[in-house]
Amino acid sequence: MALNEQEVLAGLTEIIVEETGIAAEDVASEKSFTDDLDIDSLSMMTIVAQAEDKFEVTIPDDEVKNLATVGDAVSFITKAQD
Amino acid sequence: MTTTLQQASCTQYSRVLGIGGVRGEHVVPNADIVEAINSSDEWIQQRTGIISRMRSGPDVNVLDLAEGAARAAIAHAGIEASQIDTVILSTVTYFRQTPAGATQIADRIGATPAAAYDISAACAGYTYGIAQADALVRAGAARCVLVIGAEKMSDFIDPTDRSISFLLGDGAGAAIVGPSDFPGIGPTIWGSDGSRAETIGQTEDWQQAIRSGQWPTLRQEGPAVFKWASFQMAPIAKQAMAAAGVTADQIQAFVPHQANMRIIDQLIKQLKLPDGIAVGRDIAETGNTSAASIPLAIERLYREGQVSSGDLALQIGFGAGLAYGAQVIVLP
Ligand SMILES: CC(C)(COP(=O)(O)OP(=O)(O)OC[C@H]1O[C@@H](n2cnc3c(N)ncnc32)[C@H](O)[C@@H]1OP(=O)(O)O)[C@@H](O)C(=O)NCCC(=O)NCCS
């Protein structure tokens, strides 16, 4: 069953916390992966791979650069589920 | 039909009898290469774990490196070069399409008339060579195979390229494979994905290069390759363990292709390898030497006393092709 944005955010937050050690309360929709969360492109790829697995979606490699914020990723994943 | 052919009789088991390697003779620290790519020692260390790489000068060619590795593996195996009946050279940096480099290696070390040929599987090349050697020995087609992965990557780098050149080093690693009383090489899990051929490789083919007058160099789509290597290769490594009938807590060493320390760390995580297992981390000081990287990393583990004879090592090569191969071996 498709998850809503709230549920995807919660799941994605878990992945980000696990990969980076950032506190869950610091992860929010408007946060930029690079500027706010200091996630480099290799960590980003790790997060993407884990999100694909967890949410059973495909996030193409050339789509990743368009996912600037946590919210961008959440809406991409939410839509990609259908 | 009245005459029945004889076919070669099979040998039940094979194993690796010796492993050795040589690196480029010059240490090239990050500081020497960062200016041309507007990078920094810190950036390279943080993204790749590389502190320096070893490269050869103009008077050393890829066959010289291959010969050095062959001699080291022969010494480690304690055999005579004349016992070798097959030479497989994996390289993507030998300049001649024909004749193969392997025949010259066979001749240089004194193994003529060994069967000798080159293979091209880039960073998976060593594991492909071991797969072939294992099969040839068990099928009775060979009794003593020299497998060499040799690369002078520095002949194909563009100092201004940020995608791959700064990772690369020169070196060669080799193994001797022969018959055994016990199972010494687990089944190889190997494959390819040519739909992604463009993700790593030479910028132009030779014909284009001749027309344009531009020497071809190497390029890659780094983040895409990182993701593929870190996440698609872990299941391959797991299959190699399962096919060999071993679990992660039964192996003593993990020796992945030396592409990036962060790929190595991610694979360890995905494979849930126990703490305390020996891990090939030769990339820090050697760089990525493509087909040579696995045997060179094993050579270092021996030298540092991290592995010994009889240990089980899981090895996995992956790279341009895309191509990959993995197997569990008993270390000689
Ligand atoms: C090559 C590799 C280190 C590049 O790292 P990366 O973090 O993926 O690099 P990206 O291309 O995503 O670029 C991220 C940022 O670093 C910068 N950058 C890229 N390469 C750089 C370099 N060599 N030095 C300094 N900065 C670099 C980019 O300009 C970009 O900056 P920006 O965010 O300000 O735009 C990495 O992708 C890698 O190692 N991949 C694995 C490939 C591999 O090992 N292949 C061999 C298999 S055989």
# chains A, B, ... in the order shown; residues from 1 in each chain; ligands from 1

$ residues_near_ligand --ligand "ligand 1" --cutoff "8 Å" --atoms "only C-alpha atoms and all ligand atoms" --output "number ranges by chain"
A: 34, 40-42; B: 34, 37-40, 43-44, 47-48, 122-123, 161-164, 166-167, 200, 220-227, 229, 257-260, 262-263, 288, 290, 318-320

$ write_last_selection --atoms "N, CA and C atoms" --output "tab-separated table (two decimals), in the first residue's frame"
chain	number	residue	atom	x	y	z
A	34	THR	N	22.82	18.93	1.15
A	34	THR	CA	24.22	19.35	1.17
A	34	THR	C	24.46	20.49	2.16
A	40	ASP	N	27.42	14.38	1.73
A	40	ASP	CA	28.13	14.46	0.45
A	40	ASP	C	27.49	13.51	-0.56
A	41	SER	N	27.94	13.59	-1.80
A	41	SER	CA	27.22	12.87	-2.85
A	41	SER	C	27.30	11.35	-2.66
A	42	LEU	N	28.35	10.86	-2.03
A	42	LEU	CA	28.43	9.42	-1.83
A	42	LEU	C	27.45	8.97	-0.74
B	34	VAL	N	46.51	17.47	-6.92
B	34	VAL	CA	45.27	18.20	-6.63
B	34	VAL	C	45.11	19.50	-7.42
B	37	ILE	N	43.18	19.46	-10.74
B	37	ILE	CA	41.74	19.15	-10.67
B	37	ILE	C	41.03	20.02	-9.64
B	38	ASN	N	41.69	21.06	-9.16
B	38	ASN	CA	41.09	21.95	-8.17
B	38	ASN	C	40.45	21.15	-7.05
B	39	SER	N	41.27	20.26	-6.46
B	39	SER	CA	40.78	19.41	-5.37
B	39	SER	C	41.70	19.62	-4.17
B	40	SER	N	41.58	18.78	-3.17
B	40	SER	CA	42.47	18.89	-2.02
B	40	SER	C	42.75	17.51	-1.45
B	43	TRP	N	39.78	16.45	0.55
B	43	TRP	CA	38.63	15.98	-0.25
B	43	TRP	C	38.86	14.56	-0.72
B	44	ILE	N	40.04	14.30	-1.26
B	44	ILE	CA	40.32	12.96	-1.81
B	44	ILE	C	40.32	11.91	-0.70
B	47	ARG	N	36.62	11.35	0.46
B	47	ARG	CA	35.74	10.67	-0.51
B	47	ARG	C	36.23	9.30	-0.93
B	48	THR	N	37.53	9.05	-0.81
B	48	THR	CA	38.05	7.80	-1.39
B	48	THR	C	38.98	7.01	-0.46
B	122	ALA	N	38.72	-5.52	-17.22
B	122	ALA	CA	39.01	-4.37	-16.37
B	122	ALA	C	39.15	-4.79	-14.90
B	123	CYS	N	38.43	-4.14	-14.02
B	123	CYS	CA	38.62	-4.35	-12.58
B	123	CYS	C	38.10	-5.71	-12.11
B	161	ASP	N	41.30	15.53	-15.34
B	161	ASP	CA	40.01	14.84	-15.20
B	161	ASP	C	39.70	14.61	-13.72
B	162	ARG	N	38.51	15.03	-13.31
B	162	ARG	CA	38.13	14.88	-11.91
B	162	ARG	C	37.38	13.58	-11.65
B	163	SER	N	37.06	12.81	-12.70
B	163	SER	CA	36.14	11.70	-12.49
B	163	SER	C	36.84	10.41	-12.05
B	164	ILE	N	38.06	10.19	-12.51
B	164	ILE	CA	38.68	8.88	-12.22
B	164	ILE	C	40.20	8.94	-12.13
B	166	PHE	N	42.49	10.67	-10.77
B	166	PHE	CA	43.18	10.86	-9.48
B	166	PHE	C	43.15	9.62	-8.60
B	167	LEU	N	42.28	8.66	-8.96
B	167	LEU	CA	42.18	7.43	-8.17
B	167	LEU	C	43.24	6.40	-8.57
B	200	ILE	N	31.83	3.58	-17.29
B	200	ILE	CA	33.28	3.68	-17.06
B	200	ILE	C	33.99	3.23	-18.33
B	220	GLN	N	34.62	8.19	-15.85
B	220	GLN	CA	33.52	7.42	-15.27
B	220	GLN	C	32.45	8.34	-14.72
B	221	GLU	N	31.26	7.76	-14.56
B	221	GLU	CA	30.18	8.45	-13.86
B	221	GLU	C	30.28	8.01	-12.41
B	222	GLY	N	31.07	8.76	-11.64
B	222	GLY	CA	31.45	8.32	-10.30
B	222	GLY	C	30.30	7.96	-9.38
B	223	PRO	N	29.33	8.85	-9.19
B	223	PRO	CA	28.26	8.52	-8.24
B	223	PRO	C	27.46	7.28	-8.66
B	224	ALA	N	27.20	7.13	-9.96
B	224	ALA	CA	26.44	5.96	-10.44
B	224	ALA	C	27.23	4.68	-10.19
B	225	VAL	N	28.53	4.75	-10.44
B	225	VAL	CA	29.37	3.57	-10.22
B	225	VAL	C	29.46	3.26	-8.73
B	226	PHE	N	29.56	4.30	-7.93
B	226	PHE	CA	29.60	4.11	-6.47
B	226	PHE	C	28.36	3.34	-6.00
B	227	LYS	N	27.22	3.75	-6.48
B	227	LYS	CA	25.97	3.12	-6.04
B	227	LYS	C	25.90	1.67	-6.51
B	229	ALA	N	28.41	-0.32	-7.30
B	229	ALA	CA	29.41	-1.15	-6.63
B	229	ALA	C	29.02	-1.42	-5.18
B	257	HIS	N	37.77	-5.45	-4.88
B	257	HIS	CA	38.51	-4.56	-5.77
B	257	HIS	C	38.72	-3.22	-5.05
B	258	GLN	N	39.91	-2.67	-5.21
B	258	GLN	CA	40.28	-1.43	-4.48
B	258	GLN	C	39.87	-0.21	-5.31
B	259	ALA	N	38.60	0.14	-5.24
B	259	ALA	CA	38.08	1.25	-6.03
B	259	ALA	C	37.92	2.50	-5.19
B	260	ASN	N	37.45	2.31	-3.97
B	260	ASN	CA	37.16	3.45	-3.10
B	260	ASN	C	36.93	2.89	-1.70
B	262	ARG	N	35.25	3.98	0.61
B	262	ARG	CA	33.85	4.05	1.05
B	262	ARG	C	32.99	2.96	0.43
B	263	ILE	N	33.38	2.47	-0.74
B	263	ILE	CA	32.69	1.30	-1.30
B	263	ILE	C	33.03	0.08	-0.42
B	288	ASN	N	43.81	2.85	-7.17
B	288	ASN	CA	43.05	1.82	-7.88
B	288	ASN	C	43.89	1.32	-9.06
B	290	SER	N	43.02	-1.37	-10.95
B	290	SER	CA	42.15	-2.20	-11.80
B	290	SER	C	42.41	-3.69	-11.57
B	318	PHE	N	34.98	-5.73	-9.66
B	318	PHE	CA	33.85	-5.08	-10.36
B	318	PHE	C	34.35	-3.82	-11.03
B	319	GLY	N	33.79	-3.52	-12.19
B	319	GLY	CA	34.20	-2.28	-12.85
B	319	GLY	C	33.72	-2.24	-14.29
B	320	ALA	N	34.53	-1.60	-15.14
B	320	ALA	CA	34.13	-1.31	-16.50
B	320	ALA	C	33.56	-2.55	-17.18

$ residues_around --residues "segment 105-111 of chain B" --least-positions-apart "6" --cutoff "10 Å" --atoms "only C-alpha atoms" --output "compact mmCIF listing (two decimals) with C-alpha atoms, in the first residue's frame"
# COMPACT_ATOMS: atom_id res chain seq x y z
CA LEU B 63 54.53 -6.09 -19.35
CA ASP B 64 57.42 -5.21 -17.04
CA ALA B 66 53.28 -8.20 -15.24
CA GLU B 67 56.63 -9.99 -15.31
CA GLY B 68 57.51 -8.73 -11.83
CA ALA B 70 54.58 -13.33 -12.21
CA ARG B 71 58.02 -13.86 -10.69
CA ILE B 74 56.10 -18.17 -8.78
CA GLU B 80 59.57 -23.61 -11.38
CA ALA B 81 58.41 -21.32 -14.17
CA SER B 82 58.81 -24.23 -16.58
CA GLN B 83 55.91 -26.01 -14.83
CA ILE B 84 53.49 -23.30 -15.96
CA ASP B 85 51.47 -24.50 -18.94
CA THR B 86 48.99 -21.62 -19.27
CA VAL B 87 49.35 -17.86 -18.87
CA ILE B 88 46.30 -15.58 -18.66
CA LEU B 89 47.00 -11.86 -18.62
CA TYR B 117 46.36 -15.19 -23.97
CA LEU B 146 49.62 -18.24 -14.14
CA ILE B 148 48.14 -11.97 -13.95

$ interface_residues --of "chain A" --to "chain B" --cutoff "9 Å" --atoms "only C-alpha atoms" --output "short mmCIF file (atom, residue, chain, number, x, y, z; two decimals) with C-alpha atoms, in the first residue's frame"
data_model
loop_
_atom_site.label_atom_id
_atom_site.label_comp_id
_atom_site.auth_asym_id
_atom_site.auth_seq_id
_atom_site.Cartn_x
_atom_site.Cartn_y
_atom_site.Cartn_z
CA ASP A 40 28.13 14.46 0.45
CA SER A 41 27.22 12.87 -2.85
CA LEU A 42 28.43 9.42 -1.83
CA MET A 45 23.85 7.72 -3.12
CA THR A 46 23.78 5.45 -0.08
CA VAL A 48 19.03 6.80 -2.30
CA ALA A 49 19.90 3.10 -2.57
CA GLN A 50 18.40 2.42 0.85
CA ASP A 61 20.83 8.26 -11.08
CA ASP A 62 20.26 11.44 -13.05
#

$ atom_distance --atom1 "atom CA of Ser308 of chain B" --atom2 "atom CA of Met54 of chain B"
25.3 Å

$ select_by_dssp --residues "segment 126-180 of chain B" --states "alpha helix (DSSP H)" --output "list in words"
Tyr126, Thr127, Tyr128, Gly129, Ile130, Ala131, Gln132, Ala133, Asp134, Ala135, Leu136, Val137, Arg138 and Ala139 of chain B

$ residues_around --residues "segment 17-32 of chain A" --least-positions-apart "4" --cutoff "10 Å" --atoms "only C-alpha atoms" --output "list in words"
Gln6, Leu9, Ala10, Leu12, Thr13, Asp36, Leu37, Asp38, Ile39, Ser43, Met44, Thr46, Ile47, Gln50, Leu67, Ala68, Thr69, Val70, Gly71, Asp72, Ala73, Val74 and Ser75 of chain A

$ closest_residue --among "B:Val62, B:Val147, B:Leu296, B:Ala8" --to "Ala175 of chain B" --atoms "only C-alpha atoms"
B:Val147

$ atom_distance --atom1 "atom CA of Ala240 of chain B" --atom2 "atom CA of Gln252 of chain B"
14.8 Å
